[in-house]
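J.: Sharing a structure, written as structure tokens. Questions coming.
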Amino acid sequence: MAQIGQILVDVPTMQTNDPYSYAIPAELEHQVQVGMRVIVPFGRGHRLVSGVVVGLNDVTNFDGKLKPIETVLDLVPVLNTELRQLADWLANTTYAFRITCIQTMLPNLLKTQPKRQVQPTTTLTPEEMATYFPEGAPRDFDATKLDDATVAGLLKLQRAGKVEVVYEVKDKAAAKTTTGITPALTPAKLQEIAGEVAKRAPKQAELLAYLAQMPADKVVAQATVAKKAGVTPAVIGTAADKGWLTKSTLEVYRDPFHQPVTPTQPLKLNPEQQVAVDRITQAIDGQKTENFLVEGVTGSGKTEVYLQSIAQALQQGRTALMLVPEIALTPQMVNRVKARFGQRVAVLHSGLSKGEQYDEWRRIDRGEATVVVGARSAVFAPVENLGIIIMDEEHESSYKQDENPRYHARDVALWRGQYHHCPVVLGSATPSLETRARAAKGLYTRLVLSKRAKAQPMPTVHIVDMREQLKQQGDSDFSEPLMTAIQERLDRHEQIVLMLNRRGYSSFVMCRDCGFVLKCPNCDISLTLHMDTHSMKCHYCGHEEAIPHVCPNCHSKKIRYYGTGTQKVQQALEKLLPTARILRMDVDSTRRKGAHERILRQFGEHKADILLGTQMIAKGLDFPNVTLVGVLNADTALGLPDFRASERTFQLLTQVSGRAGRATKPGEVYIQTFNPDHYAIQLAQSQDYERFFVTEMHMRHQGSYPPYYFAVQLTASHEEEAVAAKAMYQIVDALKQGLSKDAIVLGPTPKAIARVKRKYYYQVVIKYKREPQLRPVLEQIRQAAQVPARHGLSVTIDSEPMNFM
DNA sequence: GGTGCTAGCAAT
DNA sequence: TTGCTAGCACCG
């Protein structure tokens, strides 16, 4: 039996990025296994922290005295070999701490919560009690939440030995339980007693009869027994007292799916779909790590290809993982998978409560669910024996996490595909340039679905030149052609989707006399007007203040609103079309849990004529009665200083256009723009992805951008601008010394939004093709950033960033 | 991330 | 000389 455990402690620092050795006490010898969470003492005090066992052995090269493991938190390992290896790989490629990677992979409830408290060791004076323990002892001791005087006072008492600090590590993992029932006697005996009590206690007799036919080794929930036997829990209680049955604690799963779904059968495939399914299933059968790009126009039946490929994997006795963007994880999508695979499906996404997430995770971990559908973090689902991994809407930027570890789910999916020798299928109507370029190089097998499955025509796309509109009819959010088209649909009782592109655009307050714009006191951006709360809000830090009536700068009363928010558009639209029923969907109207689904359901039931929303309406919606899509401002994102601006605009316009005319009725799209000649808009009109790809690749080549170059972004932030800037200049020096002449180092520059949450941001972008020294140089920068991190300077490294701004 | 050690400094 | 604070290495 192993004497020593290698533990990764839950302290995210450079020095603790390698495991520490701990002694395994005799009583835990048979409990501790690799992959389990433990609690260990750490540091010079008696602080307790949680950790994860990453190795067991009998020797260690640490020659000090080992501390013993305090507690084992798990009965079964929470991380298998694959996920432990994956965590190491992730830490290396994203420059994140190993423990942070592990935490990211586990469901929320498995993250432990350390708690620090203080309690008196001797009798304190009444004054001391009153100042430091007004609510009694022990009390919480969280230095970040207490004022300095209290902290200093308590530390003083501690030095005097009058109080002590105690630690606790709370494990939040809790399975939901219910009372379970098992018969305590043989069926014959139960029947005998039933006969005896039949006259006096008919209910008890009924229960006994039910118990008699229950399988002896099975535990049934009390609620089920009560319902099936037609008795109240009280009767069961009496029966338990008489020794006829035993009660036990039964673990149950919280079921996030309340409505039953009608099962579906595989649909007939068109020739293109058939080829795709054949190629993918070949790879599944051959246990081959072959990666596919399924490039299919909206409505081409990608989902059916996914479902039939999954079916093949299941038939081979293997499992399937399907990733979708969070926003597309609507009941519509989930139901399609559930309808095909029923109880075998587990769903993971942020809409579930933490308890539900944990339960779904355990169903997967125990092999009870063999199909997993989920958003980004579901790529870490503990599925074993994977037969296929699917990533829908592969180009979505939400697959990249924008906090540590800054991983891209696509890379993780490819890693797991290699580990399991199974195909990875990337699907999109508008693949990311990176993916499409890799397919061109032969790294992915490209499968094209060019035809709409139900043979509907593609929608007709019109471009409305808003410069002309401005000259003719003045400043309005609605052009004349769009209004005519809307009116037509209203007359025909058809539905309309209107999209307001919010990226880089919002309504702000400006003074017409002096040009003063109301800005956030913490961040470097203007405040956004919110009519629902009648306030000005900062979208970066959440700062909120009253709407000014007088200009704070020149005291003029001519302070007005500019820009276009969804609320303002809704009001304008209501004025123009008083009879139309309008539903609004944006960050504000969907903040409450379930609001998103409710709005979509209402629209699906035709309880509204117009769905007005931001980007979130562009994805995955399928409403047959929608025959018109209007994009109010196509080009607001084009002006952003980001090399992906064109790609994003093209993708968004193509996607939202796909919402029109999905059934028998033909669809029309109106795109309002001030840049009608821009290639992203022109090619979105002709729905020509290939030409867009070629054009954009040319632009990327010209600018030495991905996918021609790799990119790493480094950011330094500090409350004082000079500190952040200085740190970044030092980093640039280190980069220039360590990297080859071929590496392009851009910056340092202040970020486009230089100040967020009271901190200033400076960044550098490295572009390179081959840079063997990159990793060691970045590791060195990371190491050097440890010390100043104590003084509020944070340095982040983002490999292949999604936002260049 | 938290801690006790150490150096440096001011109050006594 | 003592008391306190800031900076810092270290935690198994």
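By convention in this document, the chains of the structure tokens carry letters A, B, ... by their order, each chain's residues are numbered from 1, and ligands are numbered from 1 in the order they are shown.
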Please, which residues of region 183-357 of chain A, numbered as in this document, come out strand (DSSP E) from DSSP, as a PyMOL selection string?
T.: chain A and resi 183+220-221+245-252+291-296+319-323+345-348
J.: Skip DT6 (chain B) itself and residues of its chain fewer than 5 positions away, then list as a list in words all residues within 12 Å of it, counting only C-alpha atoms (C1' of nucleotides).
T.: DT5, DA6, DG7, DC8 and DA9 of chain C
J.: Provide as JSON, numbers by chain the residues of chain A at most 10 Å from chain C, counting only C-alpha atoms (C1' of nucleotides).
T.: {"A": [6, 7, 15, 16, 19, 20, 21, 22, 23, 41, 42, 43, 44, 45, 60, 62, 63, 64, 65, 66, 67, 68, 787]}
J.: Write the residues you've just listed into a file as a CSV table (one decimal), in the first residue's frame, and include C-alpha atoms for each of them.
T.:
chain,number,residue,atom,x,y,z
A,6,GLN,CA,1.2,13.4,-4.5
A,7,ILE,CA,-1.3,16.2,-4.0
A,15,GLN,CA,5.3,27.5,-6.6
A,16,THR,CA,2.4,25.1,-6.0
A,19,PRO,CA,2.3,18.3,-6.5
A,20,TYR,CA,3.4,18.2,-2.9
A,21,SER,CA,4.0,15.0,-1.0
A,22,TYR,CA,1.8,14.0,2.0
A,23,ALA,CA,1.9,11.0,4.2
A,41,PRO,CA,-2.8,21.0,6.1
A,42,PHE,CA,-0.8,23.5,4.1
A,43,GLY,CA,1.5,26.3,5.2
A,44,ARG,CA,3.2,27.1,8.5
A,45,GLY,CA,0.0,27.6,10.4
A,60,THR,CA,9.6,11.1,-2.3
A,62,PHE,CA,11.3,15.8,-0.6
A,63,ASP,CA,13.5,15.3,2.5
A,64,GLY,CA,11.5,17.2,5.1
A,65,LYS,CA,8.9,15.9,7.4
A,66,LEU,CA,5.7,15.0,5.6
A,67,LYS,CA,2.3,16.2,6.9
A,68,PRO,CA,-0.5,13.6,6.8
A,787,VAL,CA,5.9,38.9,-7.1
J.: Select all residues from chain B having any atom no more than 9 Å from an atom of chain A (counting only C-alpha atoms (C1' of nucleotides), ignoring ligands), output as a VMD selection string.
T.: chain B and resid 1 to 4
J.: Could you write out the selected residues, including N, CA, C and O atoms (P, O5', C5', C4', C3', O3' and C1' of nucleotides), as an mmCIF file, in the first residue's frame?
T.:
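Resulting contents of selection-v5.cif:
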data_model
loop_
_atom_site.group_PDB
_atom_site.id
_atom_site.type_symbol
_atom_site.label_atom_id
_atom_site.label_comp_id
_atom_site.auth_asym_id
_atom_site.auth_seq_id
_atom_site.Cartn_x
_atom_site.Cartn_y
_atom_site.Cartn_z
ATOM 1 P P DG B 1 -5.537 34.788 -4.932
ATOM 2 O "O5'" DG B 1 -5.126 33.771 -3.738
ATOM 3 C "C5'" DG B 1 -6.127 32.954 -3.206
ATOM 4 C "C4'" DG B 1 -5.690 32.524 -1.824
ATOM 5 C "C3'" DG B 1 -5.523 33.662 -0.837
ATOM 6 O "O3'" DG B 1 -6.157 33.267 0.371
ATOM 7 C "C1'" DG B 1 -3.532 32.408 -0.925
ATOM 8 P P DG B 2 -6.359 34.260 1.600
ATOM 9 O "O5'" DG B 2 -5.238 33.737 2.590
ATOM 10 C "C5'" DG B 2 -5.429 32.472 3.209
ATOM 11 C "C4'" DG B 2 -4.244 32.183 4.077
ATOM 12 C "C3'" DG B 2 -3.986 33.212 5.175
ATOM 13 O "O3'" DG B 2 -3.760 32.457 6.352
ATOM 14 C "C1'" DG B 2 -2.023 32.894 3.886
ATOM 15 P P DT B 3 -3.562 33.158 7.739
ATOM 16 O "O5'" DT B 3 -2.030 32.917 8.017
ATOM 17 C "C5'" DT B 3 -1.507 31.608 7.829
ATOM 18 C "C4'" DT B 3 -0.020 31.649 8.027
ATOM 19 C "C3'" DT B 3 0.418 32.592 9.152
ATOM 20 O "O3'" DT B 3 1.112 31.833 10.110
ATOM 21 C "C1'" DT B 3 1.680 32.954 7.157
ATOM 22 P P DG B 4 1.161 32.276 11.590
ATOM 23 O "O5'" DG B 4 2.735 32.322 11.803
ATOM 24 C "C5'" DG B 4 3.530 31.194 11.454
ATOM 25 C "C4'" DG B 4 4.903 31.667 11.051
ATOM 26 C "C3'" DG B 4 5.627 32.487 12.121
ATOM 27 O "O3'" DG B 4 6.989 32.100 12.084
ATOM 28 C "C1'" DG B 4 5.464 33.747 10.139
#
J.: One decimal, Å: what's the distance from CA of Tyr407 (chain A) over to CA of Cys538 (chain A), could you say?
T.: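 A separation of 27.4 Å between them.
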J.: Determine, counting only C-alpha atoms (C1' of nucleotides), which protein, DNA and RNA residues have an atom within 7 Å of an atom of Pro120 (chain A); residues of the same chain fewer than 5 positions away are not included. Present the result as a tab-separated table (two decimals) with C-alpha atoms, in the first residue's frame.
T.:
chain	number	residue	atom	x	y	z
A	162	LYS	CA	-6.20	35.02	23.32
A	163	VAL	CA	-7.90	33.90	20.14
A	164	GLU	CA	-7.15	31.18	17.64
J.: List every residue of region 523-622 of chain A that DSSP, applied to the backbone of this structure, places in helix (DSSP H, G or I), and write the result as a count of residues only.
T.: 25
J.: What is the distance, in Å and to one decimal place, between CA of Thr121 (chain A) and C1' of DC5 (chain B)?
T.: 24.2 Å
J.: To one decimal place, how far is CA of Glu192 (chain A) from CA of Thr178 (chain A) in Å?
T.: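 Those two atoms sit 29.3 Å apart.
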J.: Extract, using only C-alpha atoms (C1' of nucleotides), all DNA, RNA and protein residues at most 8 Å from region 24-37 of chain A, discarding same-chain residues fewer than 2 positions from it, and format them as a ChimeraX atom specification.
T.: /A:1-5,22,39,50-56,68-69,72-81,84
J.: Report as a list of chain:residue names all protein, DNA and RNA residues lying within 8 Å of region 431-442 of chain A, evaluated on only C-alpha atoms (C1' of nucleotides), omitting residues in the same chain fewer than 3 positions from it.
T.: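 Close residues of region 431-442 of chain A: A:Leu293, A:Glu295, A:Glu393, A:Glu394, A:His395, A:Gly427, A:Ser428, A:Thr445, A:Arg446, A:Glu647, A:Phe693, A:Met697, A:Pro706, A:Pro707.
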